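Containing compact mmCIF, C-alpha atoms: work_3.txt.
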```
# COMPACT_ATOMS: atom_id res chain seq x y z
CA MET A 53 258.97 217.91 -56.19
CA ILE A 54 259.52 214.21 -55.51
CA PRO A 55 261.03 212.48 -58.55
CA LEU A 56 258.54 210.24 -60.37
CA ASN A 57 261.00 207.35 -60.24
CA TYR A 58 260.68 207.19 -56.44
CA PHE A 59 257.03 206.28 -56.79
CA VAL A 60 257.67 203.80 -59.59
CA ILE A 61 260.44 202.00 -57.68
CA PHE A 62 258.40 202.03 -54.47
CA SER A 63 255.44 200.38 -56.18
CA ALA A 64 257.71 197.86 -57.93
CA ILE A 65 259.07 196.78 -54.52
CA LEU A 66 255.57 196.68 -52.98
CA PHE A 67 254.28 194.60 -55.90
CA SER A 68 257.15 192.11 -55.54
CA ILE A 69 256.52 191.74 -51.80
CA GLY A 70 252.86 191.02 -52.53
CA MET A 71 253.89 188.54 -55.21
CA TYR A 72 256.11 186.71 -52.71
CA GLY A 73 253.19 186.60 -50.30
CA VAL A 74 250.85 185.11 -52.90
CA LEU A 75 253.40 182.43 -53.81
CA ALA A 76 254.65 181.53 -50.33
CA ARG A 77 251.55 181.69 -48.12
CA ARG A 78 249.05 178.91 -47.83
CA ASN A 79 246.40 180.52 -45.67
CA ALA A 80 243.64 181.73 -47.97
CA ILE A 81 243.04 184.99 -46.07
CA LEU A 82 246.75 185.88 -46.17
CA LEU A 83 246.65 185.26 -49.93
CA LEU A 84 243.86 187.83 -50.21
CA LEU A 85 245.84 190.34 -48.14
CA SER A 86 248.88 189.89 -50.41
CA VAL A 87 246.71 190.43 -53.49
CA GLU A 88 245.49 193.66 -51.90
CA LEU A 89 249.11 194.80 -51.48
CA MET A 90 249.74 194.18 -55.19
CA LEU A 91 246.56 196.08 -56.12
CA ASN A 92 247.68 199.03 -54.04
CA ALA A 93 251.08 199.07 -55.72
CA VAL A 94 249.35 199.25 -59.10
CA ASN A 95 247.06 202.05 -57.92
CA VAL A 96 249.99 204.14 -56.66
CA ASN A 97 251.57 203.74 -60.09
CA PHE A 98 248.40 204.88 -61.86
CA VAL A 99 248.04 207.98 -59.71
CA ALA A 100 251.73 208.88 -59.92
CA PHE A 101 251.90 208.61 -63.71
CA SER A 102 248.63 210.46 -64.11
CA ARG A 103 249.73 213.33 -61.87
CA TYR A 104 253.26 213.68 -63.26
CA ILE A 105 252.80 213.14 -66.99
CA THR A 106 249.32 214.54 -67.69
CA PRO A 107 248.38 216.74 -64.73
CA HIS A 108 245.31 218.20 -66.44
CA THR A 109 243.52 215.01 -67.40
CA ILE A 110 242.48 212.61 -64.69
CA VAL A 111 242.35 209.34 -66.60
CA GLY A 112 244.70 207.58 -64.20
CA LEU A 113 242.69 208.70 -61.19
CA MET A 114 239.50 207.40 -62.78
CA TYR A 115 241.22 204.09 -63.40
CA THR A 116 242.25 204.00 -59.73
CA ILE A 117 238.67 204.60 -58.59
CA PHE A 118 237.40 201.74 -60.76
CA ALA A 119 240.25 199.46 -59.66
CA MET A 120 239.35 200.19 -56.04
CA ALA A 121 235.69 199.34 -56.65
CA SER A 122 236.52 196.06 -58.37
CA GLY A 123 239.07 195.32 -55.63
CA ALA A 124 236.34 195.74 -53.02
CA ALA A 125 234.03 193.43 -54.99
CA GLU A 126 236.87 190.92 -55.35
CA ILE A 127 237.66 190.78 -51.65
CA GLY A 128 233.96 190.45 -50.77
CA VAL A 129 233.41 187.52 -53.10
CA GLY A 130 236.77 186.00 -52.10
CA LEU A 131 235.90 186.11 -48.40
CA ALA A 132 232.47 184.61 -49.04
CA ILE A 133 234.09 181.74 -50.97
CA ILE A 134 236.63 181.25 -48.17
CA VAL A 135 233.88 181.12 -45.52
CA THR A 136 231.90 178.62 -47.63
CA ILE A 137 234.96 176.41 -48.14
CA TYR A 138 235.80 176.56 -44.45
CA ARG A 139 232.26 175.41 -43.57
CA GLY A 140 232.58 172.44 -45.88
CA LYS A 141 236.21 171.40 -45.40
CA GLN A 142 237.17 172.88 -41.99
CA THR A 143 240.42 174.21 -43.41
CA LEU A 144 241.84 177.41 -44.88
CA ASN A 145 244.98 175.73 -46.21
CA VAL A 146 245.00 176.28 -49.97
CA ASP A 147 247.16 173.16 -50.42
CA GLU A 148 244.27 171.06 -49.14
CA ILE A 149 241.57 172.87 -51.11
CA ASP A 150 241.94 170.81 -54.28
CA MET A 151 238.43 169.50 -54.90
CA LEU A 152 238.52 170.60 -58.55
CA LYS A 153 241.55 168.46 -59.33
CA TRP A 154 239.47 165.30 -59.57
CA MET B 56 269.02 213.64 -54.75
CA THR B 57 266.86 216.48 -53.54
CA VAL B 58 266.22 216.75 -49.84
CA ASN B 59 263.02 218.62 -49.03
CA GLY B 60 259.91 218.17 -46.95
CA PRO B 61 257.76 216.11 -49.33
CA THR B 62 260.66 213.81 -50.24
CA ILE B 63 261.40 213.09 -46.59
CA ALA B 64 257.70 212.47 -45.94
CA PHE B 65 257.59 210.13 -48.94
CA LEU B 66 260.64 208.19 -47.76
CA ILE B 67 259.19 207.79 -44.26
CA LEU B 68 255.82 206.63 -45.63
CA ALA B 69 257.43 204.31 -48.17
CA SER B 70 259.67 202.63 -45.59
CA LEU B 71 256.67 202.28 -43.25
CA ILE B 72 254.55 200.66 -45.96
CA LEU B 73 257.33 198.38 -47.19
CA SER B 74 258.23 197.14 -43.71
CA ALA B 75 254.53 196.60 -42.99
CA ALA B 76 254.24 194.61 -46.23
CA VAL B 77 257.26 192.48 -45.33
CA TYR B 78 255.69 191.86 -41.91
CA ILE B 79 252.40 190.80 -43.54
CA VAL B 80 254.05 188.22 -45.78
CA THR B 81 256.29 186.80 -43.05
CA THR B 82 254.40 186.94 -39.74
CA ARG B 83 253.09 183.79 -38.09
CA ASN B 84 250.10 185.53 -36.49
CA ILE B 85 247.24 186.14 -38.89
CA MET B 86 245.49 188.71 -36.66
CA HIS B 87 248.67 190.80 -36.51
CA ALA B 88 248.89 190.54 -40.30
CA VAL B 89 245.40 192.04 -40.71
CA PHE B 90 246.09 194.94 -38.33
CA VAL B 91 249.45 195.71 -39.96
CA HIS B 92 247.63 195.56 -43.30
CA LEU B 93 245.39 198.34 -42.00
CA LEU B 94 248.50 200.39 -41.18
CA ALA B 95 249.98 199.81 -44.63
CA LEU B 96 246.77 200.75 -46.46
CA SER B 97 246.30 203.92 -44.41
CA SER B 98 249.87 204.96 -45.16
CA VAL B 99 249.24 204.48 -48.88
CA SER B 100 246.63 207.24 -48.58
CA GLY B 101 249.46 209.47 -47.31
CA ILE B 102 251.30 208.71 -50.57
CA TYR B 103 248.20 209.83 -52.50
CA ILE B 104 248.14 213.10 -50.54
CA LEU B 105 251.79 213.68 -51.50
CA LEU B 106 250.62 213.29 -55.12
CA TYR B 107 247.89 215.93 -54.56
CA ALA B 108 245.14 213.36 -55.14
CA GLN B 109 243.10 214.04 -52.00
CA PHE B 110 239.93 212.43 -53.29
CA ILE B 111 241.76 209.16 -53.99
CA ALA B 112 243.30 209.37 -50.51
CA ALA B 113 239.86 209.71 -48.94
CA MET B 114 238.59 206.79 -51.03
CA GLN B 115 241.60 204.73 -49.95
CA VAL B 116 240.83 205.31 -46.27
CA LEU B 117 237.10 204.66 -46.77
CA ILE B 118 237.26 201.60 -49.00
CA TYR B 119 240.51 199.83 -48.20
CA ALA B 120 241.35 200.84 -44.67
CA GLY B 121 237.73 201.03 -43.55
CA ALA B 122 235.57 198.54 -45.40
CA VAL B 123 238.01 195.90 -46.61
CA THR B 124 239.96 195.50 -43.37
CA THR B 125 236.77 195.41 -41.30
CA MET B 126 235.35 192.75 -43.61
CA VAL B 127 238.52 190.63 -43.39
CA LEU B 128 238.46 190.95 -39.59
CA PHE B 129 234.82 189.85 -39.49
CA ALA B 130 235.49 186.85 -41.73
CA LEU B 131 238.53 185.96 -39.65
CA MET B 132 236.57 186.07 -36.41
CA LEU B 133 233.85 183.90 -37.98
CA VAL B 134 236.15 181.23 -39.34
CA LYS B 135 238.79 181.33 -36.59
CA PRO B 136 240.24 177.84 -36.17
CA LYS B 137 239.52 176.03 -32.94
CA ALA B 138 241.94 176.64 -30.09
CA GLY B 139 245.02 174.44 -30.18
CA MET B 140 244.70 173.84 -33.92
CA GLU B 141 248.06 175.09 -35.13
CA ILE B 142 248.39 175.51 -38.88
CA ALA B 143 251.51 176.52 -40.74
CA LEU B 144 250.97 179.73 -42.67
CA ASP B 145 253.70 179.17 -45.25
CA ASN B 146 253.98 176.36 -47.78
CA GLN B 147 257.07 174.41 -48.82
CA GLN B 148 257.91 176.58 -51.83
CA LYS B 149 259.16 179.61 -49.87
CA GLY B 150 262.58 179.49 -51.55
CA MET B 151 261.11 179.32 -55.02
CA ALA B 152 258.66 182.11 -54.19
CA PHE B 153 261.49 184.30 -52.92
CA ALA B 154 263.56 183.60 -56.03
CA THR B 155 260.63 184.37 -58.36
CA ALA B 156 259.75 187.64 -56.65
CA GLY B 157 263.45 188.56 -56.45
CA VAL B 158 264.06 187.97 -60.16
CA PHE B 159 260.88 189.89 -61.03
CA LEU B 160 261.95 192.82 -58.84
CA SER B 161 265.51 192.92 -60.18
CA VAL B 162 264.29 192.92 -63.79
CA LEU B 163 261.90 195.76 -62.95
CA LEU B 164 264.63 197.74 -61.18
CA VAL B 165 267.14 197.24 -64.02
CA VAL B 166 264.57 198.62 -66.45
CA LEU B 167 263.09 201.37 -64.28
CA VAL B 168 265.97 202.92 -62.33
CA PRO B 169 267.84 204.47 -65.31
CA LYS B 170 264.58 205.45 -67.05
CA VAL B 171 263.87 209.17 -67.45
CA TRP B 172 260.16 209.89 -67.82
CA ALA B 173 258.74 212.66 -69.98
CA THR B 174 257.16 214.40 -67.01
CA SER B 175 255.20 217.59 -67.34
CA GLN B 176 257.10 220.57 -65.93
CA GLU B 177 254.10 222.17 -64.23
CA LYS B 178 253.76 222.33 -60.49
CA LEU B 179 251.20 219.91 -59.09
CA THR B 180 247.96 221.49 -57.95
CA PRO B 181 245.22 219.78 -55.96
CA LEU B 182 242.33 218.36 -57.97
CA THR B 183 239.00 219.59 -56.74
CA VAL B 184 236.28 217.06 -56.06
CA ALA B 185 233.90 219.19 -58.17
CA LYS B 186 236.06 218.67 -61.27
CA PHE B 187 236.39 215.02 -60.45
CA GLY B 188 232.64 214.51 -60.10
CA LYS B 189 231.92 216.44 -63.27
CA ILE B 190 234.19 214.22 -65.36
CA LEU B 191 233.01 211.06 -63.60
CA PHE B 192 229.38 211.76 -64.44
CA THR B 193 229.88 212.98 -68.00
CA LYS B 194 232.75 211.28 -69.79
CA TYR B 195 232.95 208.21 -67.56
CA VAL B 196 229.26 207.69 -66.82
CA LEU B 197 229.04 204.35 -68.66
CA PRO B 198 231.97 202.72 -66.78
CA PHE B 199 230.49 204.20 -63.61
CA GLU B 200 227.17 202.47 -64.22
CA MET B 201 228.93 199.24 -65.10
CA ILE B 202 230.94 199.30 -61.88
CA SER B 203 227.66 199.83 -60.01
CA VAL B 204 226.23 196.72 -61.68
CA LEU B 205 229.43 194.83 -60.81
CA LEU B 206 229.13 195.83 -57.16
CA LEU B 207 225.45 194.83 -57.12
CA VAL B 208 226.27 191.43 -58.62
CA ALA B 209 229.09 190.97 -56.11
CA LEU B 210 226.73 191.90 -53.25
CA ILE B 211 224.10 189.37 -54.33
CA GLY B 212 226.77 186.75 -54.99
CA VAL B 213 228.26 187.20 -51.53
CA LEU B 214 224.83 186.86 -49.92
CA VAL B 215 224.05 183.71 -51.90
CA LEU B 216 227.45 182.15 -51.18
CA ALA B 217 227.61 182.97 -47.49
CA SER B 218 224.01 182.08 -46.61
CA LYS B 219 224.10 178.62 -48.17
CA GLU B 220 222.29 176.00 -46.11
CA GLU B 221 224.26 173.17 -44.56
CA GLU B 222 223.50 169.87 -46.19
```

Do you think you could lay out the structure here as structure tokens?
Amino acid sequence: MIPLNYFVIFSAILFSIGMYGVLARRNAILLLLSVELMLNAVNVNFVAFSRYITPHTIVGLMYTIFAMASGAAEIGVGLAIIVTIYRGKQTLNVDEIDMLKW
Amino acid sequence: MTVNGPTIAFLILASLILSAAVYIVTTRNIMHAVFVHLLALSSVSGIYILLYAQFIAAMQVLIYAGAVTTMVLFALMLVKPKAGMEIALDNQQKGMAFATAGVFLSVLLVVLVPKVWATSQEKLTPLTVAKFGKILFTKYVLPFEMISVLLLVALIGVLVLASKEEE
């Protein structure tokens, strides 16, 4: 059996890579992709803990299903917002999308 | 360290996903980033299969690898910048971002690596979809309905946002 720590360390690394992406990218679509990486790291953690610590209850798996559904809703709304902003401002650079600052 | 089939499969999948993730956050070509994202998300479903969570693996392929990547590709094709318009994909705070993520990761590793979890000693068995569905529609029926409402609201919101008239 694969040690549980392998999964935990793997998802910690994946989460940090996604975090770097969110902080360092300035294209809005790449930001969304990095957020998806972080979400996946969290989901792997949920499933791993659920399967290793309480194999007979499936609470963690349920949580993963709901996280996936809200992730899908999030990326749909995010993309719609990005398309709307691009129509208005002709840019996807999040450094230039600062209309709410004034 | 134990060397057996599943562990080797896990290490291969993990290195594939992590290198794909590093490629996504460093590449200069956004189309390549989306396709490599597809590779990373499909490999995550392999990780779920190693955890004997086949239903989650199927959902991962359907929702993330299928729907989400297709949607991002569509949006990207629709809003693709005009030819010759070169935009930088990174901002000026790359160093700070790297330091922040690095500190976060090292704190996590310092805490997690020596940790011994109270794992159950039983062998993992596959979860049947029947059991899954039964629990989803009895104990978790209220969250299930709420997530349906959330998805409906998101659907309507996306339609309203994306079909806005030009002023």

Neighbouring residues of region 132-142 of chain A were defined as those with any atom within 9 Å, considering all atoms listed in the file; residues of the same chain fewer than 5 positions away were excluded. Please report them as a PDB file with C-alpha atoms, in the coordinates of the input.
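The resulting file, selection.pdb, is reproduced below:
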```
ATOM      1  CA  ALA A  80     243.640 181.730 -47.970  1.00  0.00           C
ATOM      2  CA  ILE A  81     243.040 184.990 -46.070  1.00  0.00           C
ATOM      3  CA  ILE A 127     237.660 190.780 -51.650  1.00  0.00           C
ATOM      4  CA  GLU A 148     244.270 171.060 -49.140  1.00  0.00           C
ATOM      5  CA  ILE A 149     241.570 172.870 -51.110  1.00  0.00           C
TER       6      ILE A 149
ATOM      7  CA  ALA B 130     235.490 186.850 -41.730  1.00  0.00           C
ATOM      8  CA  LEU B 131     238.530 185.960 -39.650  1.00  0.00           C
ATOM      9  CA  LEU B 133     233.850 183.900 -37.980  1.00  0.00           C
ATOM     10  CA  VAL B 134     236.150 181.230 -39.340  1.00  0.00           C
ATOM     11  CA  PRO B 136     240.240 177.840 -36.170  1.00  0.00           C
ATOM     12  CA  GLY B 212     226.770 186.750 -54.990  1.00  0.00           C
ATOM     13  CA  VAL B 213     228.260 187.200 -51.530  1.00  0.00           C
ATOM     14  CA  LEU B 214     224.830 186.860 -49.920  1.00  0.00           C
ATOM     15  CA  VAL B 215     224.050 183.710 -51.900  1.00  0.00           C
ATOM     16  CA  LEU B 216     227.450 182.150 -51.180  1.00  0.00           C
ATOM     17  CA  ALA B 217     227.610 182.970 -47.490  1.00  0.00           C
ATOM     18  CA  SER B 218     224.010 182.080 -46.610  1.00  0.00           C
ATOM     19  CA  LYS B 219     224.100 178.620 -48.170  1.00  0.00           C
ATOM     20  CA  GLU B 221     224.260 173.170 -44.560  1.00  0.00           C
TER      21      GLU B 221
END
```

Give me the residues within 6 Å of region 114-128 of chain B as a PyMOL selection string, counting all atoms listed in the file and dropping any in the same chain fewer than 6 places off. chain B and resi 93+96-97+100

I need the contact residues of chain A against chain B, so if you could list those with any atom within 6 Å, counting all atoms listed in the file, and return them as a list in words, that would help.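 So the contacting residues turn out to be Ile54, Ser68, Tyr72, Gly73, Leu75, Ala76, Arg77, Arg78, Asn79, Tyr104, Ile105, Ala125, Val129 and Ala132 of chain A.
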
Can you tell me how far CA of Glu88 (chain A) sits from CA of Thr109 (chain A), in Å to one decimal? 26.5 Å

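In this model, the gap between CA of Gly188 (chain B) and CA of Val204 (chain B) comes to 19.0 Å.
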
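Take CA of Leu71 (chain B) and CA of Leu94 (chain B): the distance between them is 8.6 Å.
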
Given 6 Å of margin on each side, can you work out the centre and size in Å (one decimal) of an axis-aligned box holding every listed atom of region 121-125 of chain B, as AutoDock Vina command-line options?
```
--center_x 237.8 --center_y 198.2 --center_z -44.0 --size_x 16.4 --size_y 17.6 --size_z 17.3
```
